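See below for the structure under consideration.
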Amino acid sequence: MTDLTTDKQTALAAIAAVGTLDALEEQRLAALGKKGWVSLALKTLGGMSPAERQEAAPAIQAVRAEIADAIDAKKAYLEAAALEAQLAAEKLDLTLPAPQSLRGSIHPVSQVMDELAEIFADLGFAVATGPEIEDDWHNFTALNMDESHPARAMHDTFYFPDAAPDGGQMLLRTHTSPVQIRTKKDVAAKNEGGAPIRIIAPGRVYRSDSDATHTPMFHQVEGLVVDRDIHLGHLKWTLETFFKAFFEREDIVLRLRPSYFPFTEPSVEVDVGYSNEGNRRVVGGHGDDEGHDWMELGGSGMVNARVLHSAGFDPEQWQGFAFGLGIDRIAMLKYGMNDLRAFFDGDPRWLAHYGFSPFDQPTLSAGVGARA
Ligand code: PHE
């Protein structure tokens, strides 16, 4: 028994002395492990007489419990100390500068689309959308371009090899004008044959064409107004008001030049006066003045009565105007880029230079908000 007491005291002293959880585990194995001295002492019980055992067993069990308690207590202490040390080491220094994170920018085309939507929203226009994979009925036929119409060939269309379920030809839309047809059909169906429409439809369009001023994918914004007593004067005022807000200057002069589109009658091309400042084109002023010239920004006209009719409107009661503008072109003019292809190269240096911060919207707040 004296052995056991000595062993116990030695063990308790060792447990009190350890400084790490690993060292504590060693002590536990030495005492309570399979071959530990407490376990070996318990094994001796088997070889004793019942009387001896009755005396020895409680003493050994008491030693075992004392050692186990000491180990548990020391373990809890060491764990708490380790946690405290970790917390102290990981203290945050809030005065350190924050690491710089990379920040994306808004592409000029997205920026200009937002600007368009805001300005036209002020004029009462909603935004409409349509599919980029179209059928030839919406892209051509319903716009008064049947199969034999020469304007179809002029569109350099990307066709899909497989026919649509209804037998029509599928294609990548060559302009945003099919959204006119879809919107008119929706409105005519909902309102039994006619209602005022005021929409713009910005989006991607595709033509098989590529050089410094043409890319196979580019962006247009379609505009459509259908109402009673609409005439070309409304078209001109709307476009003029839009361009003044968009370019943020009052001296915008538009020229509507007679032209031809199958879906408008009469049709006009929209030109804007500009001048050259250095190697940059700056909109403003009368294109016929000294040092000025005209630049084409899009097509427009009064919606052809046949197109109104095919979309379910009675042309005797409803008139409308439509326009289609090149978004990339007006973006280049406003923000001074000169190569259209750079818009779609995805060069991060170009985007860092011409992109817009997602957090401050300089032209939107200054341009549109200032007019309110
Ligand atoms: N869709 C025509 C084009 O892409 C532009 C246009 C739109 C003309 C609306 C008139 C009216 O060339």
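Identifiers in this document derive from the order of the structure tokens: chains are assigned A, B, ..., residues are numbered from 1 separately in each chain, and ligands are numbered from 1 in order of occurrence.
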task: Residues up to 9 Å from ligand 1, counting only C-alpha atoms and all ligand atoms: could you list those as an MDAnalysis selection string?
output: chainID A and resid 155 174:178 180 205 220:224 260:264 267:269 298:303 321:326
Helix (DSSP H, G or I) residues, from DSSP on the backbone, in segment 117-184 of chain A, as a list in words: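 Reading the DSSP output for segment 117-184 of chain A, helix (DSSP H, G or I) covers Ala117, Glu118, Ile119, Phe120, Ala121, Asp122, Asp136, Trp137, His138, Asn139, Thr141, Ala142, Leu143, Pro150, Ala151, Arg152, Ala153, Met154, Pro178, Val179, Gln180, Ile181, Arg182, Thr183 and Lys184 of chain A.
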I need the strand (DSSP E or B) residues of segment 298-369 of chain A per DSSP on the backbone, written as a short mmCIF file (atom, residue, chain, number, x, y, z; two decimals) with C-alpha atoms, in the first residue's frame.
data_model
loop_
_atom_site.label_atom_id
_atom_site.label_comp_id
_atom_site.auth_asym_id
_atom_site.auth_seq_id
_atom_site.Cartn_x
_atom_site.Cartn_y
_atom_site.Cartn_z
CA GLY A 298 -30.01 55.83 -86.90
CA GLY A 299 -33.19 55.34 -88.86
CA SER A 300 -36.77 56.25 -88.09
CA GLY A 301 -40.15 57.11 -89.51
CA MET A 302 -43.90 56.74 -89.12
CA VAL A 303 -44.90 53.11 -88.60
CA GLN A 319 -50.58 56.03 -85.81
CA GLY A 320 -47.08 55.66 -84.53
CA PHE A 321 -43.45 56.49 -84.98
CA ALA A 322 -40.44 54.23 -84.57
CA PHE A 323 -36.72 54.75 -84.46
CA GLY A 324 -33.62 52.60 -84.21
CA LEU A 325 -30.34 54.08 -82.95
CA GLY A 326 -26.87 52.56 -82.72
CA PHE A 356 -17.64 53.34 -65.04
#
Pairwise distance for atom CA of Asp146 of chain A and atom CA of Arg228 of chain A, rounded to one decimal in Å: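 Going from atom CA of Asp146 of chain A over to atom CA of Arg228 of chain A, I get 27.8 Å.
Shortest atom-to-atom contact with Asp122 of chain A among A:Leu96, A:Ala245, A:Ala188, A:Ile106: A:Ala245, counting only C-alpha atoms.
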field: Who sits within 12 Å of Met332 of chain A, only C-alpha atoms, same chain under 5 positions skipped, as a PyMOL selection string
entry: chain A and resi 108-109+111-112+213+247+280-283+297+326-327+337-343+354
Would you export the selected residues with N, CA, C and O atoms as a PDB file, in the first residue's frame, please?
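Final output, saved to again-v3.pdb:
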ATOM      1  N   PRO A 108     -19.053  50.607 -70.872  1.00  0.00           N
ATOM      2  CA  PRO A 108     -19.740  51.787 -71.413  1.00  0.00           C
ATOM      3  C   PRO A 108     -21.084  51.463 -72.071  1.00  0.00           C
ATOM      4  O   PRO A 108     -22.015  52.270 -72.000  1.00  0.00           O
ATOM      5  N   VAL A 109     -21.193  50.272 -72.701  1.00  0.00           N
ATOM      6  CA  VAL A 109     -22.480  49.940 -73.337  1.00  0.00           C
ATOM      7  C   VAL A 109     -23.571  49.773 -72.277  1.00  0.00           C
ATOM      8  O   VAL A 109     -24.696  50.275 -72.436  1.00  0.00           O
ATOM      9  N   GLN A 111     -23.536  51.136 -69.322  1.00  0.00           N
ATOM     10  CA  GLN A 111     -23.758  52.471 -68.770  1.00  0.00           C
ATOM     11  C   GLN A 111     -24.728  53.267 -69.663  1.00  0.00           C
ATOM     12  O   GLN A 111     -25.686  53.859 -69.178  1.00  0.00           O
ATOM     13  N   VAL A 112     -24.462  53.227 -70.966  1.00  0.00           N
ATOM     14  CA  VAL A 112     -25.298  54.003 -71.892  1.00  0.00           C
ATOM     15  C   VAL A 112     -26.722  53.438 -71.919  1.00  0.00           C
ATOM     16  O   VAL A 112     -27.697  54.186 -71.982  1.00  0.00           O
ATOM     17  N   THR A 213     -15.539  50.005 -88.164  1.00  0.00           N
ATOM     18  CA  THR A 213     -16.784  50.616 -87.686  1.00  0.00           C
ATOM     19  C   THR A 213     -17.932  49.610 -87.614  1.00  0.00           C
ATOM     20  O   THR A 213     -19.063  49.984 -87.319  1.00  0.00           O
ATOM     21  N   PHE A 247     -26.513  63.891 -74.375  1.00  0.00           N
ATOM     22  CA  PHE A 247     -25.210  64.524 -74.590  1.00  0.00           C
ATOM     23  C   PHE A 247     -24.981  65.699 -73.647  1.00  0.00           C
ATOM     24  O   PHE A 247     -23.928  66.330 -73.672  1.00  0.00           O
ATOM     25  N   ARG A 280     -11.164  64.224 -82.002  1.00  0.00           N
ATOM     26  CA  ARG A 280     -12.396  63.769 -81.373  1.00  0.00           C
ATOM     27  C   ARG A 280     -13.601  64.444 -82.009  1.00  0.00           C
ATOM     28  O   ARG A 280     -13.564  65.640 -82.291  1.00  0.00           O
ATOM     29  N   ARG A 281     -14.662  63.666 -82.251  1.00  0.00           N
ATOM     30  CA  ARG A 281     -15.905  64.245 -82.770  1.00  0.00           C
ATOM     31  C   ARG A 281     -16.765  64.696 -81.610  1.00  0.00           C
ATOM     32  O   ARG A 281     -17.002  63.931 -80.676  1.00  0.00           O
ATOM     33  N   VAL A 282     -17.217  65.940 -81.675  1.00  0.00           N
ATOM     34  CA  VAL A 282     -18.018  66.474 -80.589  1.00  0.00           C
ATOM     35  C   VAL A 282     -19.379  66.899 -81.144  1.00  0.00           C
ATOM     36  O   VAL A 282     -19.448  67.713 -82.077  1.00  0.00           O
ATOM     37  N   VAL A 283     -20.440  66.334 -80.609  1.00  0.00           N
ATOM     38  CA  VAL A 283     -21.775  66.681 -81.110  1.00  0.00           C
ATOM     39  C   VAL A 283     -22.148  68.087 -80.686  1.00  0.00           C
ATOM     40  O   VAL A 283     -21.727  68.568 -79.635  1.00  0.00           O
ATOM     41  N   LEU A 297     -27.035  58.757 -87.043  1.00  0.00           N
ATOM     42  CA  LEU A 297     -27.109  58.007 -85.786  1.00  0.00           C
ATOM     43  C   LEU A 297     -28.137  56.885 -85.826  1.00  0.00           C
ATOM     44  O   LEU A 297     -28.152  56.032 -84.948  1.00  0.00           O
ATOM     45  N   GLY A 326     -28.031  53.395 -83.080  1.00  0.00           N
ATOM     46  CA  GLY A 326     -26.875  52.560 -82.719  1.00  0.00           C
ATOM     47  C   GLY A 326     -26.328  52.986 -81.365  1.00  0.00           C
ATOM     48  O   GLY A 326     -25.821  54.089 -81.200  1.00  0.00           O
ATOM     49  N   ILE A 327     -26.444  52.090 -80.377  1.00  0.00           N
ATOM     50  CA  ILE A 327     -26.008  52.428 -79.014  1.00  0.00           C
ATOM     51  C   ILE A 327     -24.498  52.602 -78.941  1.00  0.00           C
ATOM     52  O   ILE A 327     -23.987  53.538 -78.320  1.00  0.00           O
ATOM     53  N   MET A 337     -14.507  57.452 -77.578  1.00  0.00           N
ATOM     54  CA  MET A 337     -13.708  56.316 -78.056  1.00  0.00           C
ATOM     55  C   MET A 337     -13.718  56.380 -79.581  1.00  0.00           C
ATOM     56  O   MET A 337     -14.661  56.866 -80.188  1.00  0.00           O
ATOM     57  N   ASN A 338     -12.639  55.828 -80.201  1.00  0.00           N
ATOM     58  CA  ASN A 338     -12.675  55.885 -81.666  1.00  0.00           C
ATOM     59  C   ASN A 338     -12.605  54.533 -82.354  1.00  0.00           C
ATOM     60  O   ASN A 338     -12.730  54.477 -83.567  1.00  0.00           O
ATOM     61  N   ASP A 339     -12.450  53.436 -81.626  1.00  0.00           N
ATOM     62  CA  ASP A 339     -12.460  52.133 -82.310  1.00  0.00           C
ATOM     63  C   ASP A 339     -13.569  51.254 -81.739  1.00  0.00           C
ATOM     64  O   ASP A 339     -13.526  50.851 -80.577  1.00  0.00           O
ATOM     65  N   LEU A 340     -14.541  50.958 -82.579  1.00  0.00           N
ATOM     66  CA  LEU A 340     -15.691  50.168 -82.130  1.00  0.00           C
ATOM     67  C   LEU A 340     -15.267  48.784 -81.654  1.00  0.00           C
ATOM     68  O   LEU A 340     -15.817  48.240 -80.704  1.00  0.00           O
ATOM     69  N   ARG A 341     -14.249  48.205 -82.332  1.00  0.00           N
ATOM     70  CA  ARG A 341     -13.874  46.826 -81.991  1.00  0.00           C
ATOM     71  C   ARG A 341     -13.374  46.698 -80.554  1.00  0.00           C
ATOM     72  O   ARG A 341     -13.545  45.667 -79.920  1.00  0.00           O
ATOM     73  N   ALA A 342     -12.759  47.787 -80.036  1.00  0.00           N
ATOM     74  CA  ALA A 342     -12.243  47.754 -78.657  1.00  0.00           C
ATOM     75  C   ALA A 342     -13.362  47.510 -77.645  1.00  0.00           C
ATOM     76  O   ALA A 342     -13.126  46.983 -76.569  1.00  0.00           O
ATOM     77  N   PHE A 343     -14.600  47.855 -78.014  1.00  0.00           N
ATOM     78  CA  PHE A 343     -15.738  47.641 -77.118  1.00  0.00           C
ATOM     79  C   PHE A 343     -15.878  46.178 -76.727  1.00  0.00           C
ATOM     80  O   PHE A 343     -16.359  45.861 -75.647  1.00  0.00           O
ATOM     81  N   TYR A 354     -12.104  53.248 -69.731  1.00  0.00           N
ATOM     82  CA  TYR A 354     -13.407  53.741 -70.179  1.00  0.00           C
ATOM     83  C   TYR A 354     -14.584  53.249 -69.331  1.00  0.00           C
ATOM     84  O   TYR A 354     -15.700  53.728 -69.485  1.00  0.00           O
TER      85      TYR A 354
END
query: Which residue, A:Ala117, A:Ala41, A:Val272, A:Ala153, has the smallest gap to Leu4 of chain A when you use only C-alpha atoms?
result: A:Ala41
task: Please identify all polymer residues within 12 Å of Asp186 of chain A, counting only C-alpha atoms, omitting same-chain residues fewer than 2 positions from it, and present them as a list of chain:residue names.
output: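 After dropping sequence-adjacent residues, the list is A:Ala128, A:Gly130, A:Val179, A:Gln180, A:Ile181, A:Arg182, A:Thr183, A:Lys184, A:Ala188, A:Ala189, A:Lys190, A:Asn191, A:Glu192, A:Gly193, A:Gly194, A:Ala195, A:Ile197, A:Ala311, A:Gly312, A:Phe313.
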